[in-house]
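Q: Before anything else, here's the structure in question.
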Amino acid sequence: MSRILLNELQIRNFATIVNEQITFLPALNCIVGETGSGKSLILDALQLVFGGRADKKIIRKGSDSAVVEAIFTTKDPEIHEYFNNLGFPFEDDQIVVKRIISKDNSRSFLNFQSCPNSILTNFSKRFVDLVGQFDNQKLLSPDYQLMLLDDYCGNKELLKIYSIEYSDYKSRLNLLESSKVKLNESQTRMDYIRFQLNEIDKVSPDADDEIELTEKKNLLRSSLENQERLQGTLLELSESDNDILSRLNGLKKSLIGFSSEFDDLLLGSIEKLEVLSYEVSKSLTGFDSVEYEKVTDRLDSYQKLKRKFGGDISFVLKMRSDLNDELEDLSTLELKISQLEVEISSYKASLHQKAELLHKNRLAGSTQLASEITQKIQSLNMKGASVKLVINNLETLTSTGVTSLTFLAETNAGEGHHEFKEIASGGELSRMLLSLRTILSSKDSISIFLFDEIDTGIGGKTAKLVGKALDEVSENGQVIAITHLPQIANFSKNLIHVNKMFTDSNNRTTTKILGISKKNDRESFVTSMADFK
């Protein structure tokens, strides 16, 4: 059954729709209504939900903005993980997508967070298939067709192993290429690294040493300042032409003949100053200018390193370690390249072996798949139609092996086979894709299938066959189809009736949408569809 389901779609102020809520069932849902009623507006709204481009022309006249909101449900843990990895987790198993289109801009929201449209587009590519008038039909992609063939012929597990190995192989190829580029530039780089390492090693920096040197410099500077102050004091006391002792001795002479008390006082002062001068002189030591210069020079070398490499000495030391590692890495490049070449050769041989087995399985499965699709197409009243799968063996390895695949179809016997995308008739193409979907729906990650133009150019018997095929697809996924044929609508478990009307108050066109899911009501309505124009 479906891994993810579309439960509700809310549409407001969207063209002729004022405010409508649509409920979808996990089965075949048919959108029905008369021509011009607005059936395609529902798919237009879903296109916006799935990341389609917004056109402000869809805003209903007189409104500031149009709003489309869809609620999906899932219990699949892988889908929970997918959205967690995207950064848009959800709770209660509900995924909510909202688009707001105003006259100035368009805003997108996923699980109540603003998101780019590319996220919605990737989500839809992974889980939704649009078949009909839209350009992003997954089934027309050769890569996607190859994936479906692999699922059909049982290549899934082998391809998973191959993909992991191929990824490792490519990463080694990229590493080999970058290593060869490095080798060409290595000599210049190695010379530069050695020059930088030499600059660092000449200093042989150490964070603790820098701290000790700074402290030593401060002590030496303090010692020098003390010596300078003592020297100045000694000069004032006794070592200048006008020092204090000389002036006191002169004063002593000028006081000869005065009181002996003056003599005693002066003599005591002179003796004390002479003792002070002696003690100061004795305290003077020779300042170690050589050591001071040695310390400041080394600290200067630290500053130069920090200016050149940035940061502190710890950062310089880290730079030295990184440069050493790079030098060692460059020195072993030739050996590394040789080892990579051996590894790549081994990977290549292993990948070719697995790729050939994948190719062999694809060849065998393609014939059977083409036969089944042809039978299914012909059962949809395309009697002369057939499908052919063309497989070629490539010379070089790709992410999926050595196989190229092309789906070819012939709509009428004798007209020749052409690629699916070249089939002119939209109705024929839709039936081709429906046939493929019927066979492969149980083997694919796609959960929601939208069909438009599925009933183009058919009627009666063919419509009944198409309806039955749609019902088969809905056994493994949710199907939403636009149809005007009762034969198709009769298979639906949920009818979505779109009706256009005029309001009396302002004579404006309004589209109303009604869900019809009860069996008796559906049968009665399908009977009335014959009156549709």
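Residues in the structure tokens are named by chain (A, B, ... in the order shown) and by number from 1 within that chain; ligands are numbered from 1 in the order shown.
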Report as an MDAnalysis selection string all protein, DNA and RNA residues lying within 12 Å of Asn393 in chain A, evaluated on only C-alpha atoms, omitting residues in the same chain fewer than 2 positions from it.

A: chainID A and resid 352 355:360 362:363 390:391 395:398 400:405

Q: Write a file of the selected residues as a compact mmCIF listing (two decimals), in the first residue's frame, keeping N, CA, C and O atoms.

A:
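This is the output file out_30.txt:
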```
# COMPACT_ATOMS: atom_id res chain seq x y z
N HIS A 352 33.25 -3.61 -12.98
CA HIS A 352 32.92 -4.16 -14.31
C HIS A 352 32.25 -5.52 -14.17
O HIS A 352 31.30 -5.83 -14.92
N ALA A 355 28.78 -4.78 -12.97
CA ALA A 355 28.04 -4.09 -14.03
C ALA A 355 27.60 -5.06 -15.13
O ALA A 355 26.49 -4.94 -15.66
N GLU A 356 28.46 -5.99 -15.45
CA GLU A 356 28.12 -6.97 -16.48
C GLU A 356 26.99 -7.88 -16.01
O GLU A 356 26.12 -8.26 -16.79
N LEU A 357 27.00 -8.24 -14.71
CA LEU A 357 25.92 -9.07 -14.17
C LEU A 357 24.60 -8.28 -14.18
O LEU A 357 23.55 -8.83 -14.53
N LEU A 358 24.68 -6.99 -13.79
CA LEU A 358 23.49 -6.13 -13.86
C LEU A 358 22.96 -6.07 -15.29
O LEU A 358 21.74 -6.18 -15.53
N HIS A 359 23.88 -5.90 -16.24
CA HIS A 359 23.50 -5.79 -17.65
C HIS A 359 22.85 -7.08 -18.14
O HIS A 359 21.84 -7.05 -18.86
N LYS A 360 23.41 -8.19 -17.73
CA LYS A 360 22.87 -9.50 -18.13
C LYS A 360 21.45 -9.67 -17.61
O LYS A 360 20.55 -10.11 -18.35
N ARG A 362 19.41 -7.28 -16.83
CA ARG A 362 18.55 -6.32 -17.52
C ARG A 362 18.15 -6.82 -18.90
O ARG A 362 16.99 -6.64 -19.32
N LEU A 363 19.08 -7.42 -19.59
CA LEU A 363 18.76 -7.97 -20.91
C LEU A 363 17.66 -9.02 -20.81
O LEU A 363 16.71 -9.03 -21.59
N VAL A 390 15.18 -1.09 -25.73
CA VAL A 390 16.48 -1.18 -26.41
C VAL A 390 17.58 -0.99 -25.37
O VAL A 390 17.65 0.04 -24.70
N ILE A 391 18.45 -1.99 -25.26
CA ILE A 391 19.54 -1.95 -24.27
C ILE A 391 20.87 -2.02 -24.99
O ILE A 391 21.10 -2.88 -25.85
N GLU A 395 30.76 1.57 -22.97
CA GLU A 395 32.18 1.27 -22.80
C GLU A 395 32.70 1.70 -21.44
O GLU A 395 33.63 1.11 -20.90
N THR A 396 32.12 2.75 -20.89
CA THR A 396 32.61 3.28 -19.61
C THR A 396 31.61 3.03 -18.49
O THR A 396 30.41 2.94 -18.72
N LEU A 397 32.13 2.95 -17.28
CA LEU A 397 31.29 2.74 -16.10
C LEU A 397 30.49 4.01 -15.79
O LEU A 397 31.01 5.11 -15.90
N THR A 398 29.25 3.82 -15.38
CA THR A 398 28.42 4.93 -14.90
C THR A 398 27.91 4.56 -13.50
O THR A 398 28.17 3.47 -13.00
N THR A 400 25.15 3.64 -12.69
CA THR A 400 24.20 2.52 -12.75
C THR A 400 24.74 1.31 -13.49
O THR A 400 24.01 0.35 -13.74
N GLY A 401 26.01 1.34 -13.85
CA GLY A 401 26.61 0.20 -14.53
C GLY A 401 27.10 0.56 -15.92
O GLY A 401 27.65 1.65 -16.14
N VAL A 402 26.88 -0.38 -16.85
CA VAL A 402 27.33 -0.14 -18.24
C VAL A 402 26.16 -0.27 -19.21
O VAL A 402 26.33 -0.66 -20.36
N THR A 403 24.97 0.06 -18.72
CA THR A 403 23.76 -0.13 -19.53
C THR A 403 23.11 1.20 -19.88
O THR A 403 22.95 2.06 -19.02
N SER A 404 22.74 1.34 -21.14
CA SER A 404 21.85 2.45 -21.53
C SER A 404 20.54 1.82 -21.97
O SER A 404 20.52 0.79 -22.64
N LEU A 405 19.44 2.44 -21.56
CA LEU A 405 18.12 1.88 -21.84
C LEU A 405 17.24 2.93 -22.50
O LEU A 405 17.22 4.09 -22.09
```

Q: For Lys56 in chain A, work out the shell of residues within 8 Å, counting only C-alpha atoms and skipping chain neighbours fewer than 5 positions away, then give it as a list in words.

A: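 Residues near the query, excluding close chain neighbours: Ile101, Ser102 and Lys103 of chain A.
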
Q: Could you tell me which of A:Ser430, A:Ser108, A:Asn7, A:Asn490 comes closest to Val67 in chain A if we count only C-alpha atoms?

A: A:Ser108

Q: Give me, as a ChimeraX atom specification, all polymer residues having an atom no more than 9 Å from Val473 in chain A, counting only C-alpha atoms and skipping those fewer than 2 positions away in the same chain.

A: /A:27-28,434,437-442,449,468-471,475-479

Q: Which residues are close to Thr462 in chain A, i.e. within 9 Å by only C-alpha atoms, leaving aside same-chain residues fewer than 6 positions away? Reply as a list in words.

A: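 The filter keeps Ser379, Leu380, Asn381, Met382, Asp455 and Gln487 of chain A.
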
Q: Could you save the residues just selected, with N, CA, C and O atoms, as an mmCIF file, in the first residue's frame?

A:
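Result file follows (selection.cif):
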```cif
data_model
loop_
_atom_site.group_PDB
_atom_site.id
_atom_site.type_symbol
_atom_site.label_atom_id
_atom_site.label_comp_id
_atom_site.auth_asym_id
_atom_site.auth_seq_id
_atom_site.Cartn_x
_atom_site.Cartn_y
_atom_site.Cartn_z
ATOM 1 N N SER A 379 -4.473 -4.547 -24.147
ATOM 2 C CA SER A 379 -5.705 -4.788 -23.380
ATOM 3 C C SER A 379 -6.464 -3.487 -23.152
ATOM 4 O O SER A 379 -7.633 -3.501 -22.777
ATOM 5 N N LEU A 380 -5.782 -2.337 -23.359
ATOM 6 C CA LEU A 380 -6.432 -1.018 -23.242
ATOM 7 C C LEU A 380 -6.912 -0.528 -24.605
ATOM 8 O O LEU A 380 -6.999 0.664 -24.874
ATOM 9 N N ASN A 381 -7.191 -1.491 -25.497
ATOM 10 C CA ASN A 381 -7.769 -1.222 -26.817
ATOM 11 C C ASN A 381 -6.815 -0.486 -27.751
ATOM 12 O O ASN A 381 -7.234 0.341 -28.558
ATOM 13 N N MET A 382 -5.495 -0.759 -27.602
ATOM 14 C CA MET A 382 -4.514 -0.276 -28.584
ATOM 15 C C MET A 382 -3.948 -1.524 -29.263
ATOM 16 O O MET A 382 -2.818 -1.959 -29.014
ATOM 17 N N ASP A 455 -8.387 10.047 -20.432
ATOM 18 C CA ASP A 455 -9.501 9.560 -21.256
ATOM 19 C C ASP A 455 -9.601 10.299 -22.580
ATOM 20 O O ASP A 455 -10.625 10.233 -23.267
ATOM 21 N N GLN A 487 -17.623 5.507 -17.460
ATOM 22 C CA GLN A 487 -17.029 4.166 -17.422
ATOM 23 C C GLN A 487 -15.781 4.135 -16.534
ATOM 24 O O GLN A 487 -15.480 3.123 -15.903
#
```

Q: List the spatial neighbours of range 304-321 of chain A as an MDAnalysis selection string - criterion: any atom at most 12 Å away, only C-alpha atoms, same-chain residues fewer than 3 positions off excluded.

A: chainID A and resid 193:211 297:301 324:328

Q: Skip Ala385 in chain A itself and residues of its chain fewer than 4 positions away, then list as a list in words all residues within 6 Å of it, counting only C-alpha atoms.

A: Glu410, Thr411 and Asn412 of chain A
